[in-house]
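The block underneath contains the structure these notes are about, expressed in structure tokens.
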Amino acid sequence: MALENNINEKLLKPYDPKETESRIYKLWEESGLFNPDICIEKGFTEKNAESFCISFPPANVTGILHMGHALGTTIEDIMIRYNRMRGKRTLWVPGTDHAAIATQSVVEKELLKKENKSRYDLGREEFLKRVEKFADESHNTIIGQLKKMGSSMDWSREAFTFDEKRNLAVRTAFKQMYEDGLIYRGLRIVNWDPKGQTVVSDDEVDHKPNKAKFYTFKYSKDFPISISTTRPETKVGDTAVAVHPDDPRYKEFVGKTYTIDNFCGVKLEIKIIADYEVDKGFGTGALGVTPAHSVIDWEMAQKNNLPIIQVIDEKARMMIDNENLKGKKTTEAREIIVEWLKKEGLLEKEEEIEQNISVADRTGGTIEPLPKLQWFIDVNKKIKNRGDKSLKELMLEPIRDKEIKLIPNYFDKTYFHWIENLRDWCISRQIWYGHRIPVWYKGEEIYCNTEAPKEDGWIQDEDTLDTWFSSGLWTFSTLGWPEKTEDLKTYHPTNVLETMYDILFFWVARMILMSEYILGEKPFNTVYLHGMVKDKQGRKMSKSLGNGINPIEVIEKYGADAVRMSLIVSKSPGIDMRIAEEEIKGYKHFANKIWNITRFVLDNTKEIKYDKNFENYSEKDLDLQKERHDLIVDITKDMDDYKFYIASEKIYHYTWHQFADIILEDSKKIFENGTEEEKLSRRQFLLHTLNKILVCLHPFMPFITEEIWGLLPEKNKNLLIVEPWPQISRKL
RNA sequence: GGGCGGUUAGCUCAGUUGGUAGAGCGCUUCAUUUACACUGAAGAUGUCAGGGGUUCGAGCCCUCUACCGCCCACCA
């Protein structure tokens, strides 16, 4: 009897993921089973089943997905598929993020490169059209990529951080915070990015090491105190010199004011003040106070009632009324002033030092601290209907009280540290792509609401919101808030938030803030933080190094199942991982192994009918059954503990090195020399074990397992995605 | 400056409540078409970074040190 007639011809050839995966994904989509409502409708999920929900971290519409996205998506899909198989009412909400500044920067860069134009050349309306077109294209690419990874997301609930519903959520949240006095407008020294022409928050500033010249000089020959600086050009804006109150060298001068008639052509009034912030041991122990261009100096100016003179404008050019300096770039002005100091014999010392310079993380522009009127969220104000707690406390408490569990838990400490140092969050941006601030002005009057005022003459604030404001609402804005929807009731708080550790502050903290403040509940129970995907040598994958692995390319080559396994097996949470193509290739071999296991099992069991409840196992097979049962108990526990890296390795090891290498080899002997009872027992065992392997492996390798599931001879079988996970006794 | 993490086989990493050191890849030898060569069998490889302590017993707990990595702050 020829083999070919009895088992599917597909199995005679090596497993072909490329042919299989798109077909299987389509099958799933057509079944509708990614949608929990349909699972209930079709009877796969109990209506009152416990819910399990993950909000997919909305992917930035800035281009294509990278390996990090592939990792996160895989981990989440594993959790979703596992919980769906456990019978839970399981929802994975997909979405994308408009990513305001990130997306705008990408489009601006392209515009400059291709057309040599700035956004101002196009104007707000035309520029926004370009951004939207780009965002739309990126969105489509991203959705396609997520499907290729096998993500079992409920596409009917897809959301975008900048669609109509989310925009309403943003306006509603803003209004509520404004009315509670948590959002206020204030004049502050902010991080101004001259390149992006916008303010950025403290979290969006990176520090880069930089060699700088450190100059020590006096404002004039008669001035009693020398000061030091790396930025002489700001010194034309000085209004004081601060010294330590206990510094004997300068005590006698404190309180006096000196007039310098000519400091590089500028007249200065310098008051000598005492402040404990000053470090006696640094430089000359005296600090030239520039209130308009330094945060600490600004604070000193407030305390001492000093005049504030802005000398640098938004384009990082000198705005002081002086013919030598006006309109000059800060770097040019620096040279002019240093030359002048040299000429006048005022420069005492010039040394090279290592310092850090602040740059905007998206544009790379050098941050210029400037005083500006911006919108802030007050993190310290007590909130009446939240038990007089501040936003800071609302963010801190769920983590401190273990109501939200971080995996790995050592991130708790990092989180606390960040909260302790948290200052008011600047939420207004001068970029164009984003949620417009729902505030209108008419003369001195200010109006804040979700809709524009009806009367004429009101002008809306030009600014847009920090992108993290809308992402902060994500766990509940995706479930329909501000409407009181069924979804919101059923799925919030969500169960798990899975993301990379680098946005713990940007995003995770902001979600806790928003959910605790607006809904009075946590946004999720567990935060699973994954590490960064690096190349074989441990370097960050980047375009400039050209060492990135494109997930889609490797999926084409080795299959999504193999890519998923390579990202999961023995890769612990929170820890950066290295990935090499050979490793992915290894799991393609594994897929083929499973394929051939199936071929062997089906070929050797075609005489019998699979009996799920078969009981007459031989003694040997009872031992094997026990071993298999113990393994499933183990794996189930690992899955419940979020230890996918261990569970996946165990099932891999069992499949290849126990089932294939030992049990299948042993079966050949039984089929040759065994009794009829032994043969029947083993045949039933093989079929039963193959079934269990497919089930347990499904969350990790969904495509091949579903494909084989469909090739098994049993009739009336449901899709594997809704096959119940094995029931195990928890007694042991 | 403050904080966090790491150091285990040649490489990449696991190692549950303390109880005889593990996996994958690689390497050596053998098997040569057997469900699978995208294969199988056998094998070699460790001062668990170092010192000290607790314990009957430490890779794991405590303590000190060294080195690597990351985060936050930032001295003008």
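Identifiers in the structure tokens: chain A, B, ... in order shown; residue index from 1 per chain; ligand index from 1 in order shown.
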Give as a PDB file with N, CA, C and O atoms (P, O5', C5', C4', C3', O3' and C1' of nucleotides), in the first residue's frame every residue of chain B that touches chain A within 7 Å, counting only C-alpha atoms (C1' of nucleotides).
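Saved as result05.pdb:
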```pdb
ATOM      1  P     C B   4      19.883  50.386  43.776  1.00  0.00           P
ATOM      2  O5'   C B   4      19.584  49.760  42.341  1.00  0.00           O
ATOM      3  C5'   C B   4      18.247  49.665  41.869  1.00  0.00           C
ATOM      4  C4'   C B   4      18.243  49.207  40.437  1.00  0.00           C
ATOM      5  C3'   C B   4      18.981  47.908  40.153  1.00  0.00           C
ATOM      6  O3'   C B   4      18.231  46.775  40.533  1.00  0.00           O
ATOM      7  C1'   C B   4      19.571  49.481  38.514  1.00  0.00           C
ATOM      8  P     C B  13      23.766  37.063  25.688  1.00  0.00           P
ATOM      9  O5'   C B  13      22.626  36.080  26.153  1.00  0.00           O
ATOM     10  C5'   C B  13      22.493  35.685  27.498  1.00  0.00           C
ATOM     11  C4'   C B  13      21.638  34.464  27.517  1.00  0.00           C
ATOM     12  C3'   C B  13      21.155  34.038  28.881  1.00  0.00           C
ATOM     13  O3'   C B  13      19.998  34.786  29.226  1.00  0.00           O
ATOM     14  C1'   C B  13      21.986  32.145  27.727  1.00  0.00           C
ATOM     15  P     A B  14      19.484  34.847  30.717  1.00  0.00           P
ATOM     16  O5'   A B  14      18.694  33.479  30.786  1.00  0.00           O
ATOM     17  C5'   A B  14      18.941  32.604  31.844  1.00  0.00           C
ATOM     18  C4'   A B  14      18.081  31.390  31.680  1.00  0.00           C
ATOM     19  C3'   A B  14      17.723  30.729  32.992  1.00  0.00           C
ATOM     20  O3'   A B  14      16.538  31.264  33.527  1.00  0.00           O
ATOM     21  C1'   A B  14      18.733  29.141  31.571  1.00  0.00           C
ATOM     22  P     A B  35      11.077   5.179   8.266  1.00  0.00           P
ATOM     23  O5'   A B  35      10.791   6.702   7.913  1.00  0.00           O
ATOM     24  C5'   A B  35       9.581   7.063   7.254  1.00  0.00           C
ATOM     25  C4'   A B  35       9.291   8.519   7.467  1.00  0.00           C
ATOM     26  C3'   A B  35      10.493   9.443   7.305  1.00  0.00           C
ATOM     27  O3'   A B  35      10.672   9.770   5.950  1.00  0.00           O
ATOM     28  C1'   A B  35       9.334   9.977   9.311  1.00  0.00           C
ATOM     29  P     C B  36      12.118   9.873   5.292  1.00  0.00           P
ATOM     30  O5'   C B  36      12.673  11.238   5.907  1.00  0.00           O
ATOM     31  C5'   C B  36      12.081  12.469   5.492  1.00  0.00           C
ATOM     32  C4'   C B  36      12.484  13.557   6.430  1.00  0.00           C
ATOM     33  C3'   C B  36      13.988  13.790   6.561  1.00  0.00           C
ATOM     34  O3'   C B  36      14.478  14.581   5.489  1.00  0.00           O
ATOM     35  C1'   C B  36      12.955  13.854   8.697  1.00  0.00           C
ATOM     36  P     C B  38      19.420  19.300   4.271  1.00  0.00           P
ATOM     37  O5'   C B  38      18.742  19.715   5.643  1.00  0.00           O
ATOM     38  C5'   C B  38      19.484  20.325   6.704  1.00  0.00           C
ATOM     39  C4'   C B  38      18.521  20.647   7.817  1.00  0.00           C
ATOM     40  C3'   C B  38      17.768  19.428   8.347  1.00  0.00           C
ATOM     41  O3'   C B  38      17.538  19.597   9.749  1.00  0.00           O
ATOM     42  C1'   C B  38      16.247  21.010   7.477  1.00  0.00           C
ATOM     43  P     C B  75      23.337  72.116  35.062  1.00  0.00           P
ATOM     44  O5'   C B  75      24.849  72.455  35.285  1.00  0.00           O
ATOM     45  C5'   C B  75      25.314  72.327  36.578  1.00  0.00           C
ATOM     46  C4'   C B  75      26.733  72.702  36.655  1.00  0.00           C
ATOM     47  C3'   C B  75      27.686  71.991  35.714  1.00  0.00           C
ATOM     48  O3'   C B  75      27.599  72.605  34.405  1.00  0.00           O
ATOM     49  C1'   C B  75      28.596  72.147  37.921  1.00  0.00           C
ATOM     50  P     A B  76      28.689  72.824  33.343  1.00  0.00           P
ATOM     51  O5'   A B  76      28.469  74.393  33.465  1.00  0.00           O
ATOM     52  C5'   A B  76      27.110  74.845  33.330  1.00  0.00           C
ATOM     53  C4'   A B  76      26.970  76.207  33.914  1.00  0.00           C
ATOM     54  C3'   A B  76      28.090  77.205  33.646  1.00  0.00           C
ATOM     55  O3'   A B  76      27.984  77.716  32.319  1.00  0.00           O
ATOM     56  C1'   A B  76      27.288  77.432  35.846  1.00  0.00           C
TER      57        A B  76
END
```
Report as a count of residues only all protein, DNA and RNA residues lying within 12 Å of C62 of chain B, evaluated on only C-alpha atoms (C1' of nucleotides), omitting residues in the same chain fewer than 3 positions from it. 5
Could you give me, as a list in words, each residue of segment 369-433 of chain A that DSSP assigns to helix (DSSP H, G or I) when run on this structure's backbone?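 So the helix (DSSP H, G or I) residues in segment 369-433 of chain A would be Lys384, Asn385, Arg386, Leu391, Lys392, Glu393, Leu394, Met395, Leu396, Glu397, Pro398, Ile399, Arg400, Phe411, Asp412, Lys413, Thr414, Tyr415, Phe416, His417, Trp418, Ile419 and Glu420 of chain A.
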Selected residues written out with N, CA and C atoms, as a compact mmCIF listing (two decimals), in the first residue's frame:
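Final output, result-v2.txt:
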```
# COMPACT_ATOMS: atom_id res chain seq x y z
N LYS A 384 -9.25 66.55 44.84
CA LYS A 384 -10.34 66.32 45.81
C LYS A 384 -11.00 64.95 45.67
N ASN A 385 -11.52 64.65 44.45
CA ASN A 385 -12.27 63.39 44.35
C ASN A 385 -11.38 62.16 44.14
N ARG A 386 -10.09 62.33 44.43
CA ARG A 386 -9.19 61.17 44.45
C ARG A 386 -8.49 61.12 45.81
N LEU A 391 -1.29 63.60 41.48
CA LEU A 391 -1.04 62.67 40.37
C LEU A 391 0.20 61.83 40.64
N LYS A 392 1.18 62.47 41.25
CA LYS A 392 2.40 61.76 41.61
C LYS A 392 2.07 60.56 42.50
N GLU A 393 1.22 60.80 43.49
CA GLU A 393 0.85 59.71 44.40
C GLU A 393 0.01 58.66 43.68
N LEU A 394 -0.86 59.13 42.79
CA LEU A 394 -1.68 58.18 42.05
C LEU A 394 -0.83 57.28 41.15
N MET A 395 0.28 57.82 40.68
CA MET A 395 1.19 57.02 39.85
C MET A 395 2.01 56.06 40.69
N LEU A 396 2.37 56.52 41.87
CA LEU A 396 3.27 55.75 42.73
C LEU A 396 2.58 54.56 43.40
N GLU A 397 1.39 54.83 43.94
CA GLU A 397 0.76 53.86 44.84
C GLU A 397 0.49 52.46 44.26
N PRO A 398 -0.08 52.37 43.07
CA PRO A 398 -0.37 51.00 42.58
C PRO A 398 0.89 50.14 42.43
N ILE A 399 1.99 50.75 42.12
CA ILE A 399 3.23 49.97 42.00
C ILE A 399 3.75 49.63 43.40
N ARG A 400 3.75 50.64 44.26
CA ARG A 400 4.23 50.42 45.62
C ARG A 400 3.42 49.35 46.34
N PHE A 411 12.27 46.64 38.15
CA PHE A 411 11.96 47.93 37.54
C PHE A 411 11.16 48.82 38.50
N ASP A 412 10.61 48.23 39.56
CA ASP A 412 9.94 49.02 40.60
C ASP A 412 10.83 50.18 41.05
N LYS A 413 12.05 49.84 41.35
CA LYS A 413 12.99 50.82 41.93
C LYS A 413 13.25 51.96 40.96
N THR A 414 13.44 51.59 39.70
CA THR A 414 13.66 52.61 38.68
C THR A 414 12.45 53.54 38.59
N TYR A 415 11.30 52.92 38.69
CA TYR A 415 10.05 53.66 38.60
C TYR A 415 9.91 54.64 39.77
N PHE A 416 10.17 54.17 40.99
CA PHE A 416 10.08 55.05 42.16
C PHE A 416 11.03 56.23 42.03
N HIS A 417 12.22 55.92 41.59
CA HIS A 417 13.25 56.94 41.44
C HIS A 417 12.80 58.03 40.47
N TRP A 418 12.17 57.59 39.41
CA TRP A 418 11.69 58.54 38.39
C TRP A 418 10.60 59.43 38.98
N ILE A 419 9.66 58.80 39.70
CA ILE A 419 8.55 59.56 40.30
C ILE A 419 9.08 60.62 41.28
N GLU A 420 10.07 60.22 42.08
CA GLU A 420 10.61 61.16 43.07
C GLU A 420 11.12 62.43 42.41
```
Mind checking which residues fall within 9 Å of U7 of chain B, counting only C-alpha atoms (C1' of nucleotides), ignoring those fewer than 6 positions away in the same chain, and posting them as a PDB file with N, CA, C and O atoms (P, O5', C5', C4', C3', O3' and C1' of nucleotides), in the first residue's frame?
```pdb
ATOM      1  P     A B  49      30.379  33.795  38.810  1.00  0.00           P
ATOM      2  O5'   A B  49      31.854  34.386  38.672  1.00  0.00           O
ATOM      3  C5'   A B  49      32.608  34.202  37.480  1.00  0.00           C
ATOM      4  C4'   A B  49      33.873  34.999  37.604  1.00  0.00           C
ATOM      5  C3'   A B  49      34.474  34.993  39.001  1.00  0.00           C
ATOM      6  O3'   A B  49      35.306  33.873  39.209  1.00  0.00           O
ATOM      7  C1'   A B  49      34.279  37.226  38.252  1.00  0.00           C
ATOM      8  P     C B  67      37.516  48.571  38.109  1.00  0.00           P
ATOM      9  O5'   C B  67      36.870  47.825  36.862  1.00  0.00           O
ATOM     10  C5'   C B  67      37.705  47.158  35.909  1.00  0.00           C
ATOM     11  C4'   C B  67      36.905  46.119  35.181  1.00  0.00           C
ATOM     12  C3'   C B  67      35.704  46.639  34.404  1.00  0.00           C
ATOM     13  O3'   C B  67      36.069  47.217  33.161  1.00  0.00           O
ATOM     14  C1'   C B  67      35.062  44.740  35.627  1.00  0.00           C
ATOM     15  P     C B  68      35.201  48.431  32.571  1.00  0.00           P
ATOM     16  O5'   C B  68      33.942  47.683  31.946  1.00  0.00           O
ATOM     17  C5'   C B  68      34.099  46.765  30.874  1.00  0.00           C
ATOM     18  C4'   C B  68      32.780  46.087  30.599  1.00  0.00           C
ATOM     19  C3'   C B  68      31.601  47.024  30.351  1.00  0.00           C
ATOM     20  O3'   C B  68      31.582  47.540  29.043  1.00  0.00           O
ATOM     21  C1'   C B  68      30.947  45.337  31.861  1.00  0.00           C
TER      22        C B  68
END
```
Please report, as a PyMOL selection string, each residue of segment 404-610 of chain A to which DSSP assigns strand (DSSP E) when run on this structure's backbone. chain A and resi 405-407+425-426+428-429+439-442+445-448+459-460+464-465+494-500+524-530+533-534+577-578
Extract, using only C-alpha atoms (C1' of nucleotides), all DNA, RNA and protein residues at most 6 Å from segment 337-352 of chain A, discarding same-chain residues fewer than 3 positions from it, and format them as a PyMOL selection string. chain A and resi 212-218+334
If you measure from atom CA of Tyr517 of chain A to atom CA of Tyr441 of chain A, what distance in Å do you get, rounded to one decimal?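 The value is 26.9 Å.
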